[in-house]
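A.B. asks: Mind having a look at this structure? Questions to follow.
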Amino acid sequence: MARLFEYQGKELLKERGIPVPRGRLAGTPAEAKGFAAELGKPVVIKAQAWVTGRAEAGGIKFADSPGEAETWAQAILGLQLKGFRVEKVLVEEKLDIAQQFYAGVIVSDQYRSPVIMFSTMGGTGIEDIARAHPDKVWRQPVDIFTGLREHEARNLVCKAGIRGKLQAKLVQVLVNLYGLARKVEARSLEINPLVLDTAGEIYAADCRVTVDDNAVFRHPELGIEIAREFDRPATPLEKVAYKAEEKDYRGTFYFLQLETQYEGEDYIGFHGGGGGGSMMAMDALMRAGFKLANFCDTSGNPSASKVYRAAKIILSQPKLAGYFHSGSGVASQEQYHTARGMVKAFRELKLDIPAVIRIGGNSEEEAIRILTEYTQDLPGKVEAYGRDVPVEYCVNRLKELIAEYKDRKAVS
Amino acid sequence: MSILIDECSRVVVQGITGREGMVRTKLMVDYGTNVVAGVTPGKKGEAVFGVPVFDTVEEAWEEAGPLDVSVIFVPAPFVKGAAFEAIDAGVKLLVIVPDRVPLYDVLEIDALARRKNVRFVGPNTLGMISPGKAVVGMIGGKASTAREWFRPGSVGVISRSGGITSAISYYLTRAGVGLSTVIHVGGDPIIGLPFPELLKEFEQDPETKAVVMFGEIGTSQEEMAAELIKAGEFTKPLVAFIGGAAAKSGTRFSHAGAIIEGGRGTHQGKVESLRSAGATVVETFSDLFVVTPKIIGIA
């Protein structure tokens, strides 16, 4: 899912009429100090990162003075939060919290519709709330054609025992929240906590949005660079890969780096073919003690040029011990396109590590012939197998080839 | 017998003159599927491998006769419109092949389909095959391959991965196990006919003796299948393998549906719920082809 930062989500909420605390985005400690002075009251400094548990990791701090804001911004900017480097902080007025709620919309495969959720126990994750206080979470599936009606939202808030003016305010928040989720085609959109302050006003104190990858093309206004399910910003190589995918609609190419810093161990450049087959091949490699530098999947009858780009991107990762490809073993597509793409990349890069290619499926004989015949003169040995050879055998062959390769290197 | 499709099903192909539409029409016609019409707006009067092309589904229905199944091959942004058109024309089963269909479009298709008592397979599906009878979609790729790889018999196959659907079916056939109907349910988070719905169909099919299922992390299809068994609504043997044991939470490794969100849909959770319902969950993929022949009594 394409994720948005908290500050981006809050801008969307604000446009939709859901109040958010006053605040500004800062990229330097000096900026943070200036914004804190502007706000003229105690502030909170919040790391902008997609990860959960920011507070526990030191990514959220309160400051009573502009000087303190500067100090905390200094500490938070550049922090690594679960692999996510903090580049920006949100400087916001500190709220005087009277009560915390949860409000969210998620698309549920159980209900087969968007579901609006409300809880009087905001603050922690909704899964934890639902587990600890199942009687304090209220849900309502939403009709995709009519949207969330006001009375449906009111029913939820009433069930929570909330009356009077606060009830009316929360109903508006829920209706607007659903409207926004529908508009940006969010797979999930959560406000947690939704804060009632001591003056009786409601504010979205946090906001998490994930937009449906497949709908990103019709939302240029969201400025999403890469429509992919990452829990961290994309690496430069992932950006290159995404560009290759964006420009070529034939088949699917997905690339994810699992490790960028490694030394001395057997890291494999992994190239899967099809979701299920990729996952099984990955499991087989890991069972055999290999580590994967990346995950990659080219499938859905990709063109040779797409496979070529994928192979090149995989092999541009440094210090790989080997290259491994496997699909399901029995692909419906004509497999020689994939073989041609790989061979072109192998030749161009003068492949010098062992490669095992499990390429079973339609026309596998031709694919295997292409892969073996045209790689004879390369320093790295290429072996290709068809549908009757199990993935475990291929993983084992890779292991043997890597061992031979190391011996050869040690001798020379 | 088989479920959802057989040699009598009257099939219309939406997007028949496109690259994918044409290639897959050849597969279906060569295999013997009863493809009676194709639709591409503006192409009325053309023919694709002998199949007459019409401008609208309604027109195809009027001129070529009733349509039981529509298989859709239009680009993802146009899938919703094509599905609505087929539903409005009265088609009761859709097979939505394209991937990358926006989620809210699928929700709209699903809501309309439920209102009109229509069912759909996919999106993001290879389709389905009742071996010896009909193929709808692209399983097998070529008719000669489809005939060689998949033999008729008494085991149903359902899978969340396209390639694995073919792989399971091929290895079962090689192990001497014939197949009643094979369905790739689609790799997306919301799909028309998830596992429990298909298990209900297989329960009603006297020819199907057992079902083999390839599940994955993410969504709650496997858990719902387990609930169905516990409720006594599926009573035949179910043999399952669940992929994605090594995947970490919150990151997508393959199908958009295969993502663990908020601790739901874990590998362990799925395996445990299926086992507690009495299903056989095998540890390795290749065990499927050892266990299944025993269960149907041929090994």
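By order of appearance in the structure tokens: chains A, B, ..., then residues from 1 within every chain, and ligands from 1 in the order shown.
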If you count only C-alpha atoms, which residues fall within 6 Å of range 171-182 of chain B, apart from same-chain ones fewer than 4 positions away, as a list in words?
C.D. replies: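 Here the answer would be Ser2, Met128, Ile129, Ser130, Phe150, Arg151, Pro152, Gly153, Ser154, Val155, Gly156, Val157 and Phe289 of chain B.
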A.B. asks: Limited to C-alpha atoms, could you put the picked residues into a file as an mmCIF file, in the first residue's frame?
C.D. replies:
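Printed below is selection31.cif as written:
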```
data_model
loop_
_atom_site.group_PDB
_atom_site.id
_atom_site.type_symbol
_atom_site.label_atom_id
_atom_site.label_comp_id
_atom_site.auth_asym_id
_atom_site.auth_seq_id
_atom_site.Cartn_x
_atom_site.Cartn_y
_atom_site.Cartn_z
ATOM 1 C CA SER B 2 -17.766 -30.214 -12.160
ATOM 2 C CA MET B 128 -10.601 -22.019 -14.161
ATOM 3 C CA ILE B 129 -10.705 -25.327 -15.926
ATOM 4 C CA SER B 130 -12.966 -28.364 -15.696
ATOM 5 C CA PHE B 150 -4.719 -31.615 -16.410
ATOM 6 C CA ARG B 151 -6.745 -34.852 -16.491
ATOM 7 C CA PRO B 152 -10.409 -35.242 -15.517
ATOM 8 C CA GLY B 153 -11.182 -36.842 -12.171
ATOM 9 C CA SER B 154 -12.514 -36.379 -8.678
ATOM 10 C CA VAL B 155 -10.329 -33.812 -6.916
ATOM 11 C CA GLY B 156 -11.095 -30.094 -6.854
ATOM 12 C CA VAL B 157 -8.238 -27.567 -6.726
ATOM 13 C CA PHE B 289 1.086 -35.112 -4.045
#
```
A.B. asks: Mind checking which residues fall within 7 Å of range 321-330 of chain A, counting only C-alpha atoms, ignoring those fewer than 5 positions away in the same chain, and posting them as a list in words?
C.D. replies: Asp266, Tyr267, Ile268, Gly269, Phe270, His271, Gly272, Gly273, Gly274, Gly276, Gly277, Ser278, Ala281, Ile353, Pro354, Ala355, Val356, Ile357, Arg358, Ile359, Gly360, Gly361, Gly386, Arg387 and Ile402 of chain A; Gly163, Ile164, Ser166 and Ala167 of chain B
A.B. asks: Please, could you write that set of residues out with C-alpha atoms as a CSV table (one decimal), in the first residue's frame?
C.D. replies:
```
chain,number,residue,atom,x,y,z
A,266,ASP,CA,26.0,-16.2,1.1
A,267,TYR,CA,23.5,-13.6,-0.1
A,268,ILE,CA,21.4,-14.6,-3.2
A,269,GLY,CA,20.0,-12.3,-5.9
A,270,PHE,CA,16.5,-13.7,-5.9
A,271,HIS,CA,14.2,-13.6,-9.0
A,272,GLY,CA,10.8,-15.3,-8.6
A,273,GLY,CA,8.2,-15.9,-11.2
A,274,GLY,CA,4.7,-15.5,-9.9
A,276,GLY,CA,3.0,-18.3,-4.9
A,277,GLY,CA,6.0,-19.8,-6.6
A,278,SER,CA,8.2,-16.9,-5.5
A,281,ALA,CA,11.2,-20.6,-3.6
A,353,ILE,CA,28.4,-16.0,-10.2
A,354,PRO,CA,26.5,-19.2,-10.5
A,355,ALA,CA,22.9,-19.0,-11.6
A,356,VAL,CA,20.2,-21.7,-11.3
A,357,ILE,CA,17.0,-21.1,-13.2
A,358,ARG,CA,13.8,-23.2,-12.6
A,359,ILE,CA,11.8,-22.3,-15.6
A,360,GLY,CA,9.1,-25.0,-16.0
A,361,GLY,CA,6.0,-24.3,-18.0
A,386,GLY,CA,12.0,-27.7,-16.1
A,387,ARG,CA,8.7,-28.5,-14.5
A,402,ILE,CA,28.6,-21.8,-5.2
B,163,GLY,CA,1.2,-20.5,-11.1
B,164,ILE,CA,0.7,-22.7,-8.1
B,166,SER,CA,-1.2,-25.0,-12.5
B,167,ALA,CA,1.6,-26.6,-10.6
```
A.B. asks: Would you compute the distance between CA of Thr235 in chain B and CA of Asp68 in chain B? Give it in Å to one decimal.
C.D. replies: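 So the answer is 28.5 Å.
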A.B. asks: Residues at most 8 Å from range 187-202 of chain B, counting only C-alpha atoms, excluding those fewer than 4 positions away in the same chain, as a PyMOL selection string?
C.D. replies: (chain A and resi 109+112) or (chain B and resi 3+103+106-107+110+119-125+156+158+160-162+208+211+219+221-222+224-225+228+233-234+255-258)
A.B. asks: Store the residues of this selection in a file with N, CA and C atoms, as a short mmCIF file (atom, residue, chain, number, x, y, z; two decimals), in the first residue's frame.
C.D. replies:
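Listing of result.cif after writing:
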```cif
data_model
loop_
_atom_site.label_atom_id
_atom_site.label_comp_id
_atom_site.auth_asym_id
_atom_site.auth_seq_id
_atom_site.Cartn_x
_atom_site.Cartn_y
_atom_site.Cartn_z
N ASP A 109 -11.99 -7.73 4.06
CA ASP A 109 -12.37 -8.83 3.17
C ASP A 109 -13.44 -9.69 3.81
N ARG A 112 -16.50 -7.59 3.08
CA ARG A 112 -16.50 -7.27 1.66
C ARG A 112 -16.97 -5.84 1.42
N ILE B 3 -17.77 -28.01 -11.15
CA ILE B 3 -18.48 -26.83 -10.63
C ILE B 3 -18.25 -25.63 -11.54
N LEU B 103 -9.18 -1.34 -5.84
CA LEU B 103 -9.94 -2.03 -4.79
C LEU B 103 -11.38 -1.55 -4.67
N VAL B 106 -13.53 -2.97 -7.26
CA VAL B 106 -13.92 -4.36 -6.97
C VAL B 106 -15.08 -4.36 -5.96
N LEU B 107 -15.00 -3.45 -4.98
CA LEU B 107 -16.10 -3.37 -4.00
C LEU B 107 -17.41 -3.02 -4.69
N ASP B 110 -18.63 -6.02 -6.60
CA ASP B 110 -19.13 -7.01 -5.65
C ASP B 110 -20.52 -6.62 -5.12
N ARG B 119 -22.26 -13.99 -9.56
CA ARG B 119 -21.01 -14.36 -8.90
C ARG B 119 -19.84 -14.03 -9.82
N PHE B 120 -18.67 -13.82 -9.23
CA PHE B 120 -17.50 -13.59 -10.07
C PHE B 120 -16.25 -14.21 -9.48
N VAL B 121 -15.37 -14.65 -10.38
CA VAL B 121 -14.06 -15.19 -10.00
C VAL B 121 -13.04 -14.09 -10.30
N GLY B 122 -12.07 -13.91 -9.42
CA GLY B 122 -11.06 -12.87 -9.62
C GLY B 122 -11.43 -11.63 -8.82
N PRO B 123 -10.83 -10.48 -9.15
CA PRO B 123 -9.89 -10.24 -10.26
C PRO B 123 -8.51 -10.85 -9.99
N ASN B 124 -7.62 -10.61 -11.01
CA ASN B 124 -6.25 -11.09 -10.92
C ASN B 124 -6.25 -12.62 -10.88
N THR B 125 -6.93 -13.23 -11.84
CA THR B 125 -7.05 -14.68 -11.87
C THR B 125 -6.63 -15.26 -13.21
N GLY B 156 -11.00 -31.51 -6.56
CA GLY B 156 -11.10 -30.09 -6.85
C GLY B 156 -9.83 -29.38 -6.39
N ILE B 158 -8.28 -25.46 -5.51
CA ILE B 158 -8.48 -24.02 -5.36
C ILE B 158 -7.19 -23.41 -4.84
N ARG B 160 -4.74 -19.50 -4.34
CA ARG B 160 -4.63 -18.04 -4.39
C ARG B 160 -3.50 -17.60 -5.31
N SER B 161 -2.73 -18.55 -5.85
CA SER B 161 -1.65 -18.21 -6.77
C SER B 161 -1.91 -18.87 -8.11
N GLY B 162 -1.76 -18.11 -9.18
CA GLY B 162 -2.02 -18.65 -10.50
C GLY B 162 -1.07 -19.77 -10.87
N THR B 208 -16.86 -34.64 -7.05
CA THR B 208 -15.69 -34.23 -6.28
C THR B 208 -15.61 -35.00 -4.96
N VAL B 211 -10.78 -31.96 -1.89
CA VAL B 211 -10.32 -30.68 -2.43
C VAL B 211 -8.91 -30.40 -1.93
N THR B 219 -5.35 -11.88 4.46
CA THR B 219 -6.82 -12.05 4.36
C THR B 219 -7.29 -13.13 5.34
N GLN B 221 -9.45 -15.83 4.29
CA GLN B 221 -10.11 -16.91 3.55
C GLN B 221 -9.92 -18.29 4.17
N GLU B 222 -8.69 -18.58 4.60
CA GLU B 222 -8.39 -19.90 5.14
C GLU B 222 -9.11 -20.09 6.46
N MET B 224 -11.86 -18.62 7.32
CA MET B 224 -13.28 -18.77 7.03
C MET B 224 -13.59 -20.17 6.49
N ALA B 225 -12.63 -20.72 5.75
CA ALA B 225 -12.81 -22.10 5.27
C ALA B 225 -12.87 -23.05 6.46
N LEU B 228 -16.20 -22.90 8.08
CA LEU B 228 -17.19 -23.61 7.27
C LEU B 228 -17.18 -25.11 7.58
N GLU B 233 -20.58 -27.49 7.01
CA GLU B 233 -21.04 -27.17 5.66
C GLU B 233 -20.09 -27.68 4.58
N PHE B 234 -18.91 -28.12 4.97
CA PHE B 234 -18.04 -28.82 4.03
C PHE B 234 -17.56 -30.07 4.73
N HIS B 255 1.40 -11.51 -3.92
CA HIS B 255 0.08 -10.99 -4.26
C HIS B 255 -0.32 -9.89 -3.29
N ALA B 256 -1.09 -8.95 -3.80
CA ALA B 256 -1.52 -7.85 -2.93
C ALA B 256 -2.29 -8.37 -1.73
N GLY B 257 -2.93 -9.53 -1.89
CA GLY B 257 -3.70 -10.09 -0.78
C GLY B 257 -2.81 -10.74 0.27
N ALA B 258 -1.56 -11.02 -0.13
CA ALA B 258 -0.68 -11.77 0.77
C ALA B 258 0.13 -10.83 1.65
#
```
A.B. asks: Tell me, as a list in words, which residues lie within 7 Å of Val271 in chain B, counting only C-alpha atoms; anything in the same chain fewer than 4 positions away does not count.
C.D. replies: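 Counting only C-alpha atoms, the residues come to His267, Arg275 and Val281 of chain B.
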A.B. asks: Suppose you want the space between CA of Val69 in chain B and CA of Asp88 in chain B; what is it in Å?
C.D. replies: 13.2 Å
A.B. asks: Could you give me, as a tab-separated table, every range 312-350 of chain A residue with an atom at most 10 Å from range 228-248 of chain A, plus its closest atom pair and distance in Å to one decimal, counting only C-alpha atoms, rows ordered by chain then number?
C.D. replies:
```
residue	atom	partner	partner_atom	distance
A:Lys312	CA	A:Ala241	CA	9.8
A:Ile313	CA	A:Ala241	CA	7.0
A:Ile314	CA	A:Leu237	CA	9.0
A:Ser316	CA	A:Leu237	CA	8.7
A:Gln317	CA	A:Leu237	CA	8.6
```
A.B. asks: What residues in range 46-251 of chain B get the DSSP label strand (DSSP E)? Please answer as a ChimeraX atom specification.
C.D. replies: /B:47-48,51-54,69-72,93-96,119-121,127-130,134-137,152-159,179-184,210-216,238-243
A.B. asks: If you keep C-alpha atoms, can you produce a file of those selected residues as a JSON list (two decimals), in the first residue's frame?
C.D. replies:
```json
[["chain", "number", "residue", "atom", "x", "y", "z"],
["B", 47, "ALA", "CA", -14.59, -12.54, -35.89],
["B", 48, "VAL", "CA", -11.79, -13.90, -33.66],
["B", 51, "VAL", "CA", -16.13, -16.24, -32.65],
["B", 52, "PRO", "CA", -18.43, -13.39, -33.76],
["B", 53, "VAL", "CA", -17.68, -9.97, -32.24],
["B", 54, "PHE", "CA", -20.40, -7.57, -31.02],
["B", 69, "VAL", "CA", -20.27, -16.80, -18.34],
["B", 70, "SER", "CA", -18.35, -13.64, -19.26],
["B", 71, "VAL", "CA", -14.58, -13.67, -19.19],
["B", 72, "ILE", "CA", -13.12, -10.16, -19.03],
["B", 93, "LEU", "CA", -20.98, -15.63, -13.69],
["B", 94, "LEU", "CA", -17.99, -13.39, -14.45],
["B", 95, "VAL", "CA", -14.32, -14.32, -14.68],
["B", 96, "ILE", "CA", -12.24, -11.16, -14.19],
["B", 119, "ARG", "CA", -21.01, -14.36, -8.90],
["B", 120, "PHE", "CA", -17.50, -13.59, -10.07],
["B", 121, "VAL", "CA", -14.06, -15.19, -10.00],
["B", 127, "GLY", "CA", -9.45, -18.44, -14.44],
["B", 128, "MET", "CA", -10.60, -22.02, -14.16],
["B", 129, "ILE", "CA", -10.70, -25.33, -15.93],
["B", 130, "SER", "CA", -12.97, -28.36, -15.70],
["B", 134, "ALA", "CA", -14.00, -26.36, -20.66],
["B", 135, "VAL", "CA", -11.38, -23.78, -19.74],
["B", 136, "VAL", "CA", -12.27, -20.15, -19.03],
["B", 137, "GLY", "CA", -9.40, -17.68, -18.70],
["B", 152, "PRO", "CA", -10.41, -35.24, -15.52],
["B", 153, "GLY", "CA", -11.18, -36.84, -12.17],
["B", 154, "SER", "CA", -12.51, -36.38, -8.68],
["B", 155, "VAL", "CA", -10.33, -33.81, -6.92],
["B", 156, "GLY", "CA", -11.10, -30.09, -6.85],
["B", 157, "VAL", "CA", -8.24, -27.57, -6.73],
["B", 158, "ILE", "CA", -8.48, -24.02, -5.36],
["B", 159, "SER", "CA", -5.54, -21.67, -5.06],
["B", 179, "LEU", "CA", -9.37, -33.24, -11.37],
["B", 180, "SER", "CA", -13.02, -32.14, -11.31],
["B", 181, "THR", "CA", -12.59, -28.35, -11.45],
["B", 182, "VAL", "CA", -9.52, -26.20, -10.90],
["B", 183, "ILE", "CA", -9.97, -22.57, -9.86],
["B", 184, "HIS", "CA", -7.48, -19.79, -9.31],
["B", 210, "ALA", "CA", -11.73, -34.19, -2.04],
["B", 211, "VAL", "CA", -10.32, -30.68, -2.43],
["B", 212, "VAL", "CA", -6.71, -29.49, -2.50],
["B", 213, "MET", "CA", -6.15, -25.89, -1.43],
["B", 214, "PHE", "CA", -3.16, -23.54, -1.74],
["B", 215, "GLY", "CA", -3.51, -20.77, 0.81],
["B", 216, "GLU", "CA", -1.27, -17.85, 1.66],
["B", 238, "LEU", "CA", -9.50, -30.95, 2.49],
["B", 239, "VAL", "CA", -5.74, -31.05, 1.93],
["B", 240, "ALA", "CA", -4.01, -27.69, 2.29],
["B", 241, "PHE", "CA", -0.62, -26.05, 1.98],
["B", 242, "ILE", "CA", -0.10, -22.48, 3.23],
["B", 243, "GLY", "CA", 2.67, -20.42, 1.62]]
```
A.B. asks: For chain B, which residue among A:Glu127, A:Glu383, A:Glu263, A:Glu392 is the nearest when counting only C-alpha atoms?
C.D. replies: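 Once distances to chain B are computed over only C-alpha atoms, the minimum belongs to A:Glu127.
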A.B. asks: Report, in Å with one decimal, the straight-line distance from CA of Leu274 in chain B to CA of Trp149 in chain B.
C.D. replies: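 CA of Trp149 in chain B lies at a distance of 28.7 Å from CA of Leu274 in chain B.
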A.B. asks: Write out as number ranges by chain all residues of range 144-217 of chain A that DSSP puts in alpha helix (DSSP H) for this structure's backbone.
C.D. replies: A: 150-159, 164-184
A.B. asks: Report as a PyMOL selection string all protein, DNA and RNA residues lying within 12 Å of Glu365 in chain A, evaluated on only C-alpha atoms, omitting residues in the same chain fewer than 3 positions from it.
C.D. replies: chain A and resi 334-336+339+358-362+368-373+384-388
